[in-house]
file query_27.tsv (TSV, C-alpha atoms)
chain	number	residue	atom	x	y	z
A	46	MET	CA	-127.68	-141.03	129.78
A	47	LYS	CA	-126.56	-137.70	131.17
A	48	GLU	CA	-125.28	-137.43	134.71
A	49	GLU	CA	-127.71	-135.62	137.01
A	50	PRO	CA	-126.62	-131.98	137.31
A	51	LYS	CA	-125.63	-130.46	140.64
A	52	ASN	CA	-127.02	-127.03	139.81
A	53	TYR	CA	-130.24	-127.28	137.92
A	54	LEU	CA	-133.65	-125.91	137.08
A	55	LYS	CA	-136.47	-128.37	137.76
A	56	THR	CA	-138.94	-127.99	134.90
A	57	PHE	CA	-142.71	-128.35	134.85
A	58	MET	CA	-142.28	-131.77	133.21
A	59	GLY	CA	-139.84	-132.84	135.94
A	60	LYS	CA	-136.57	-132.54	134.05
A	61	LYS	CA	-133.44	-131.33	135.83
A	62	VAL	CA	-131.71	-128.95	133.44
A	63	ASP	CA	-128.24	-127.51	134.02
A	64	PRO	CA	-128.32	-124.10	132.32
A	65	LEU	CA	-124.64	-124.30	131.37
A	66	THR	CA	-124.80	-127.74	129.74
A	67	VAL	CA	-128.31	-127.81	128.29
A	68	THR	CA	-128.86	-130.11	125.29
A	69	ALA	CA	-131.76	-130.78	122.94
A	70	GLU	CA	-132.79	-133.80	125.04
A	71	ASP	CA	-133.43	-131.45	127.99
A	72	ILE	CA	-136.00	-129.45	126.01
A	73	THR	CA	-139.73	-130.21	125.85
A	74	LEU	CA	-142.54	-128.41	124.09
A	75	GLU	CA	-144.66	-128.78	127.24
A	76	ASP	CA	-142.09	-126.98	129.41
A	77	ILE	CA	-141.75	-124.16	126.90
A	78	ALA	CA	-145.50	-123.65	126.37
A	79	HIS	CA	-146.27	-123.83	130.08
A	80	ALA	CA	-143.55	-121.46	131.27
A	81	LEU	CA	-143.99	-118.88	128.50
A	82	SER	CA	-147.76	-118.76	129.09
A	83	LEU	CA	-147.08	-117.74	132.71
A	84	MET	CA	-144.37	-115.11	132.02
A	85	CYS	CA	-145.43	-111.51	131.56
A	86	ARG	CA	-143.94	-109.38	128.81
A	87	GLY	CA	-142.21	-106.14	129.72
A	88	ASN	CA	-141.21	-107.36	133.16
A	89	GLY	CA	-144.86	-106.89	134.14
A	90	GLN	CA	-144.76	-103.15	133.40
A	91	VAL	CA	-147.73	-103.39	131.03
A	92	VAL	CA	-151.37	-102.29	131.22
A	93	HIS	CA	-152.54	-105.89	131.74
A	94	PHE	CA	-151.04	-109.36	131.85
A	95	TYR	CA	-149.73	-110.30	128.41
A	96	SER	CA	-147.56	-113.39	128.31
A	97	VAL	CA	-144.39	-114.11	126.41
A	98	GLY	CA	-146.24	-117.15	125.06
A	99	GLN	CA	-148.98	-114.96	123.60
A	100	HIS	CA	-146.33	-112.70	122.07
A	101	CYS	CA	-144.69	-115.74	120.44
A	102	ILE	CA	-148.05	-116.93	119.10
A	103	ASN	CA	-148.57	-113.47	117.60
A	104	CYS	CA	-145.10	-113.65	116.03
A	105	ALA	CA	-145.91	-117.01	114.41
A	106	LYS	CA	-149.23	-115.67	113.12
A	107	GLU	CA	-147.50	-112.57	111.76
A	108	ALA	CA	-145.02	-114.79	109.88
A	109	LYS	CA	-147.93	-116.80	108.45
A	110	GLU	CA	-149.73	-113.61	107.40
A	111	ARG	CA	-146.56	-112.54	105.57
A	112	GLY	CA	-146.70	-115.82	103.64
A	113	TRP	CA	-143.58	-117.25	105.21
A	114	ASN	CA	-142.95	-120.99	105.25
A	115	ASP	CA	-143.66	-123.34	108.16
A	116	ARG	CA	-140.01	-123.34	109.31
A	117	LEU	CA	-140.00	-119.57	109.70
A	118	GLN	CA	-143.35	-119.65	111.47
A	119	LEU	CA	-141.97	-122.24	113.90
A	120	GLY	CA	-138.80	-120.19	114.33
A	121	CYS	CA	-140.94	-117.18	115.24
A	122	LEU	CA	-142.98	-119.23	117.71
A	123	LEU	CA	-139.80	-120.53	119.40
A	124	HIS	CA	-137.66	-117.38	119.28
A	125	ASP	CA	-138.14	-116.64	123.02
A	126	ALA	CA	-138.13	-120.30	124.15
A	127	ALA	CA	-134.87	-119.86	126.08
A	128	GLU	CA	-136.82	-117.64	128.47
A	129	ALA	CA	-138.86	-120.69	129.51
A	130	TYR	CA	-135.70	-122.03	131.11
A	131	MET	CA	-133.77	-118.95	132.17
A	132	SER	CA	-136.40	-116.22	132.44
A	133	ASP	CA	-135.58	-112.85	130.95
A	134	LEU	CA	-134.05	-109.60	132.02
A	135	ILE	CA	-134.96	-106.19	130.73
A	136	THR	CA	-132.62	-105.05	127.97
A	137	PRO	CA	-131.21	-102.07	129.94
A	138	ILE	CA	-129.79	-104.63	132.39
A	139	LYS	CA	-128.98	-107.40	129.88
A	140	VAL	CA	-126.66	-105.18	127.85
A	141	HIS	CA	-124.33	-105.10	130.86
A	142	MET	CA	-124.30	-108.88	131.20
A	143	PRO	CA	-122.62	-110.48	128.17
A	144	GLN	CA	-122.66	-113.92	129.81
A	145	TYR	CA	-126.46	-113.78	129.88
A	146	TYR	CA	-126.48	-113.54	126.08
A	147	GLU	CA	-124.07	-116.49	125.81
A	148	ILE	CA	-126.25	-118.69	128.01
A	149	GLU	CA	-129.40	-117.57	126.18
A	150	GLU	CA	-127.81	-118.41	122.82
A	151	HIS	CA	-126.79	-121.84	124.12
A	152	PHE	CA	-130.39	-122.53	125.25
A	153	LEU	CA	-131.83	-121.32	121.96
A	154	LYS	CA	-129.45	-123.56	120.01
A	155	ALA	CA	-130.66	-126.54	122.05
A	156	VAL	CA	-134.29	-125.55	121.42
A	157	TYR	CA	-133.79	-125.12	117.69
A	158	GLU	CA	-131.88	-128.39	117.49
A	159	LYS	CA	-134.71	-130.16	119.34
A	160	PHE	CA	-137.28	-128.93	116.85
A	161	GLY	CA	-135.25	-129.35	113.64
A	162	LEU	CA	-134.26	-125.73	113.14
A	163	ALA	CA	-130.56	-125.93	113.98
A	164	ASP	CA	-129.74	-125.10	110.36
A	165	LEU	CA	-131.54	-121.75	110.19
A	166	SER	CA	-129.63	-119.41	107.91
A	167	GLU	CA	-128.59	-115.88	108.85
A	168	GLU	CA	-131.31	-114.59	106.51
A	169	GLU	CA	-133.97	-116.75	108.19
A	170	TRP	CA	-132.83	-115.55	111.61
A	171	ARG	CA	-132.92	-111.94	110.36
A	172	LEU	CA	-136.55	-112.43	109.25
A	173	ILE	CA	-137.50	-113.94	112.62
A	174	MET	CA	-135.98	-110.93	114.38
A	175	GLU	CA	-137.79	-108.60	111.97
A	176	VAL	CA	-141.12	-110.05	113.11
A	177	ASP	CA	-140.08	-109.91	116.76
A	178	ARG	CA	-139.19	-106.21	116.40
A	179	ALA	CA	-142.47	-105.47	114.59
A	180	LEU	CA	-144.45	-107.08	117.42
A	181	LEU	CA	-142.28	-105.36	120.05
A	182	THR	CA	-143.13	-102.01	118.49
A	183	TYR	CA	-146.83	-102.85	118.62
A	184	ASP	CA	-146.50	-104.06	122.22
A	185	LEU	CA	-144.68	-100.87	123.29
A	186	VAL	CA	-147.44	-98.68	121.92
A	187	GLU	CA	-150.45	-100.72	123.00
A	188	LEU	CA	-149.22	-102.18	126.30
A	189	LEU	CA	-146.71	-99.60	127.53
A	190	LYS	CA	-148.38	-96.51	126.02
A	191	GLU	CA	-145.32	-95.40	124.05
A	192	PRO	CA	-146.01	-93.07	121.11
A	193	VAL	CA	-146.64	-94.62	117.70
A	194	PRO	CA	-143.32	-94.51	115.82
A	195	GLU	CA	-143.01	-92.24	112.77
A	196	GLU	CA	-142.98	-95.24	110.44
A	197	GLY	CA	-146.17	-96.52	112.09
A	198	TYR	CA	-146.83	-100.11	112.97
A	199	MET	CA	-144.74	-102.65	111.10
A	200	VAL	CA	-147.20	-105.53	111.48
A	201	THR	CA	-149.34	-106.90	108.67
A	202	ARG	CA	-152.07	-108.11	111.03
A	203	ILE	CA	-153.39	-106.71	114.28
A	204	PRO	CA	-152.07	-108.99	117.03
A	205	ASP	CA	-154.30	-110.28	119.81
A	206	ILE	CA	-153.04	-108.54	122.94
A	207	ALA	CA	-156.21	-109.02	125.00
A	208	PHE	CA	-155.85	-110.66	128.38
A	209	ARG	CA	-156.04	-114.44	127.99
A	210	PRO	CA	-155.90	-117.16	130.66
A	211	PHE	CA	-152.53	-118.90	130.72
A	212	GLU	CA	-154.09	-122.33	130.03
A	213	GLU	CA	-155.58	-121.04	126.79
A	214	VAL	CA	-152.25	-119.60	125.67
A	215	GLU	CA	-150.36	-122.74	126.70
A	216	ASN	CA	-152.72	-124.97	124.70
A	217	GLU	CA	-152.65	-122.75	121.62
A	218	TYR	CA	-148.84	-122.54	121.73
A	219	LYS	CA	-148.56	-126.34	121.82
A	220	SER	CA	-151.19	-126.76	119.12
A	221	ILE	CA	-149.47	-124.36	116.72
A	222	ALA	CA	-146.07	-125.96	117.37
A	223	GLU	CA	-147.41	-129.48	116.84
A	224	GLU	CA	-149.18	-128.49	113.62
A	225	LEU	CA	-146.06	-126.80	112.23
A	226	LEU	CA	-143.81	-129.70	113.24
A	227	LYS	CA	-146.14	-132.11	111.50
A	228	LYS	CA	-146.18	-130.02	108.29
A	229	ILE	CA	-142.39	-129.66	108.32
A	230	SER	CA	-141.86	-133.41	108.72
A	231	GLU	CA	-144.19	-134.32	105.82

call {"tool": "encode", "arguments": {"input": "query_27.tsv", "output": "structure tokens"}}
result
Amino acid sequence: MKEEPKNYLKTFMGKKVDPLTVTAEDITLEDIAHALSLMCRGNGQVVHFYSVGQHCINCAKEAKERGWNDRLQLGCLLHDAAEAYMSDLITPIKVHMPQYYEIEEHFLKAVYEKFGLADLSEEEWRLIMEVDRALLTYDLVELLKEPVPEEGYMVTRIPDIAFRPFEEVENEYKSIAEELLKKISE
């Protein structure tokens, strides 16, 4: 049993997580789904509330539409899970804070270990980031009113960016994760 941390985040499920020593046992699907469903993309600078959780659901659905396997779909769903524990900063600030990236990577490793994805290859990670970038481009145009890039949208399906209640997003996030975890373990 781990010693109780002195500096910690108290999670929705009641865990006390030290951000600098997080392990897979600190991570729960419930904490991730709940927190991400309540966090707004784009630091709230969007036309309407659109959660990180909904973005992750759209990433998983995009991976499925591309015919990718269950592991990659789960990787896409979980790619922003560190934000459930440490929030996020906008990239123009993050680039000046290398320690943020180190802590984020440590959290993501714990998440991926928890859900059986610790062995993702560089190619699998590249594909996950490809989907994230494709959805980011869509989000920038539709939610931040940026111009459509010259290459157009890079998504294979139109993502659902409509306002959704957080409870709905939280439940769908958990449902998709549980279904994928079940398929992967079979």

call {"tool": "closest_atom_pairs", "arguments": {"input": "query_27.tsv", "of": "range 146-194 of chain A", "to": "range 129-138 of chain A", "cutoff": "10 Å", "atoms": "all atoms listed in the file", "output": "CSV"}}
result
residue,atom,partner,partner_atom,distance
A:Ile148,CA,A:Met131,CA,8.6
A:Glu149,CA,A:Met131,CA,7.5
A:Phe152,CA,A:Tyr130,CA,7.9
A:Leu153,CA,A:Tyr130,CA,10.0

call {"tool": "atom_distance", "arguments": {"input": "query_27.tsv", "atom1": "CA of Leu181 in chain A", "atom2": "CA of Ala155 in chain A"}}
result
24.2 Å

call {"tool": "closest_residue", "arguments": {"input": "query_27.tsv", "among": "A:Leu119, A:Ala80, A:Val67, A:Leu172", "to": "Ala222 in chain A", "atoms": "only C-alpha atoms"}}
result
A:Leu119

call {"tool": "closest_residue", "arguments": {"input": "query_27.tsv", "among": "A:Arg111, A:Cys85, A:Pro64, A:Leu74", "to": "Glu147 in chain A", "atoms": "all atoms listed in the file"}}
result
A:Pro64

call {"tool": "closest_atom_pairs", "arguments": {"input": "query_27.tsv", "of": "range 102-123 of chain A", "to": "range 157-167 of chain A", "cutoff": "8 Å", "atoms": "all atoms listed in the file", "output": "CSV"}}
result
residue,atom,partner,partner_atom,distance
A:Arg116,CA,A:Leu162,CA,7.3
A:Gly120,CA,A:Leu162,CA,7.3
A:Leu123,CA,A:Tyr157,CA,7.8

call {"tool": "closest_residue", "arguments": {"input": "query_27.tsv", "among": "A:Ala105, A:Leu188, A:Val176, A:Met58", "to": "Ile206 in chain A", "atoms": "only C-alpha atoms"}}
result
A:Leu188

call {"tool": "atom_distance", "arguments": {"input": "query_27.tsv", "atom1": "CA of Asp63 in chain A", "atom2": "CA of Leu83 in chain A"}}
result
21.3 Å

call {"tool": "atom_distance", "arguments": {"input": "query_27.tsv", "atom1": "CA of Gly197 in chain A", "atom2": "CA of Asn103 in chain A"}}
result
18.0 Å

call {"tool": "residues_around", "arguments": {"input": "query_27.tsv", "residues": "Glu191 in chain A", "least_positions_apart": "4", "cutoff": "12 Å", "atoms": "all atoms listed in the file", "output": "list in words"}}
result
Val91, Val92, Leu181, Thr182, Tyr183, Asp184, Leu185, Val186, Glu187 and Glu195 of chain A

call {"tool": "residues_around", "arguments": {"input": "query_27.tsv", "residues": "Asn114 in chain A", "least_positions_apart": "4", "cutoff": "12 Å", "atoms": "all atoms listed in the file", "output": "number ranges by chain"}}
result
A: 105-110, 118-121, 169, 172-173, 225-226, 228-229

call {"tool": "closest_residue", "arguments": {"input": "query_27.tsv", "among": "A:Val200, A:Val214, A:Leu189, A:Val62", "to": "His93 in chain A", "atoms": "only C-alpha atoms"}}
result
A:Leu189

call {"tool": "closest_residue", "arguments": {"input": "query_27.tsv", "among": "A:Thr56, A:Asp115, A:Lys190, A:Val97", "to": "Glu224 in chain A", "atoms": "all atoms listed in the file"}}
result
A:Asp115

call {"tool": "build_atoms", "arguments": {"input": "query_27.tsv", "residues": "range 153-172 of chain A", "atoms": "N, CA and C atoms", "output": "PDB file, in the frame of the given file"}}
result
ATOM      1  N   LEU A 153    -131.089-121.417 123.207  1.00  0.00           N
ATOM      2  CA  LEU A 153    -131.830-121.320 121.960  1.00  0.00           C
ATOM      3  C   LEU A 153    -131.311-122.315 120.931  1.00  0.00           C
ATOM      4  N   LYS A 154    -130.007-122.540 120.903  1.00  0.00           N
ATOM      5  CA  LYS A 154    -129.450-123.560 120.010  1.00  0.00           C
ATOM      6  C   LYS A 154    -130.004-124.934 120.347  1.00  0.00           C
ATOM      7  N   ALA A 155    -130.100-125.247 121.633  1.00  0.00           N
ATOM      8  CA  ALA A 155    -130.660-126.540 122.050  1.00  0.00           C
ATOM      9  C   ALA A 155    -132.124-126.648 121.652  1.00  0.00           C
ATOM     10  N   VAL A 156    -132.876-125.568 121.807  1.00  0.00           N
ATOM     11  CA  VAL A 156    -134.290-125.550 121.420  1.00  0.00           C
ATOM     12  C   VAL A 156    -134.422-125.780 119.918  1.00  0.00           C
ATOM     13  N   TYR A 157    -133.675-125.009 119.145  1.00  0.00           N
ATOM     14  CA  TYR A 157    -133.790-125.120 117.690  1.00  0.00           C
ATOM     15  C   TYR A 157    -133.312-126.489 117.198  1.00  0.00           C
ATOM     16  N   GLU A 158    -132.311-127.039 117.840  1.00  0.00           N
ATOM     17  CA  GLU A 158    -131.880-128.390 117.490  1.00  0.00           C
ATOM     18  C   GLU A 158    -133.003-129.389 117.786  1.00  0.00           C
ATOM     19  N   LYS A 159    -133.632-129.260 118.932  1.00  0.00           N
ATOM     20  CA  LYS A 159    -134.710-130.160 119.340  1.00  0.00           C
ATOM     21  C   LYS A 159    -135.831-130.183 118.298  1.00  0.00           C
ATOM     22  N   PHE A 160    -136.135-129.029 117.745  1.00  0.00           N
ATOM     23  CA  PHE A 160    -137.280-128.930 116.850  1.00  0.00           C
ATOM     24  C   PHE A 160    -136.886-128.813 115.370  1.00  0.00           C
ATOM     25  N   GLY A 161    -135.657-129.242 115.039  1.00  0.00           N
ATOM     26  CA  GLY A 161    -135.250-129.350 113.640  1.00  0.00           C
ATOM     27  C   GLY A 161    -134.916-128.044 112.957  1.00  0.00           C
ATOM     28  N   LEU A 162    -134.579-127.027 113.725  1.00  0.00           N
ATOM     29  CA  LEU A 162    -134.260-125.730 113.140  1.00  0.00           C
ATOM     30  C   LEU A 162    -132.815-125.306 113.367  1.00  0.00           C
ATOM     31  N   ALA A 163    -131.965-126.249 113.688  1.00  0.00           N
ATOM     32  CA  ALA A 163    -130.560-125.930 113.980  1.00  0.00           C
ATOM     33  C   ALA A 163    -129.848-125.333 112.765  1.00  0.00           C
ATOM     34  N   ASP A 164    -130.385-125.573 111.581  1.00  0.00           N
ATOM     35  CA  ASP A 164    -129.740-125.100 110.360  1.00  0.00           C
ATOM     36  C   ASP A 164    -130.334-123.796 109.819  1.00  0.00           C
ATOM     37  N   LEU A 165    -131.011-123.032 110.656  1.00  0.00           N
ATOM     38  CA  LEU A 165    -131.540-121.750 110.190  1.00  0.00           C
ATOM     39  C   LEU A 165    -130.406-120.882 109.649  1.00  0.00           C
ATOM     40  N   SER A 166    -130.645-120.279 108.511  1.00  0.00           N
ATOM     41  CA  SER A 166    -129.630-119.410 107.910  1.00  0.00           C
ATOM     42  C   SER A 166    -129.655-118.035 108.585  1.00  0.00           C
ATOM     43  N   GLU A 167    -128.624-117.246 108.322  1.00  0.00           N
ATOM     44  CA  GLU A 167    -128.590-115.880 108.850  1.00  0.00           C
ATOM     45  C   GLU A 167    -129.782-115.080 108.341  1.00  0.00           C
ATOM     46  N   GLU A 168    -130.163-115.299 107.084  1.00  0.00           N
ATOM     47  CA  GLU A 168    -131.310-114.590 106.510  1.00  0.00           C
ATOM     48  C   GLU A 168    -132.612-115.011 107.207  1.00  0.00           C
ATOM     49  N   GLU A 169    -132.775-116.299 107.477  1.00  0.00           N
ATOM     50  CA  GLU A 169    -133.970-116.750 108.190  1.00  0.00           C
ATOM     51  C   GLU A 169    -134.016-116.149 109.593  1.00  0.00           C
ATOM     52  N   TRP A 170    -132.873-116.130 110.270  1.00  0.00           N
ATOM     53  CA  TRP A 170    -132.830-115.550 111.610  1.00  0.00           C
ATOM     54  C   TRP A 170    -133.132-114.048 111.551  1.00  0.00           C
ATOM     55  N   ARG A 171    -132.643-113.364 110.521  1.00  0.00           N
ATOM     56  CA  ARG A 171    -132.920-111.940 110.360  1.00  0.00           C
ATOM     57  C   ARG A 171    -134.429-111.704 110.211  1.00  0.00           C
ATOM     58  N   LEU A 172    -135.101-112.568 109.447  1.00  0.00           N
ATOM     59  CA  LEU A 172    -136.550-112.430 109.250  1.00  0.00           C
ATOM     60  C   LEU A 172    -137.308-112.672 110.563  1.00  0.00           C
TER      61      LEU A 172
END
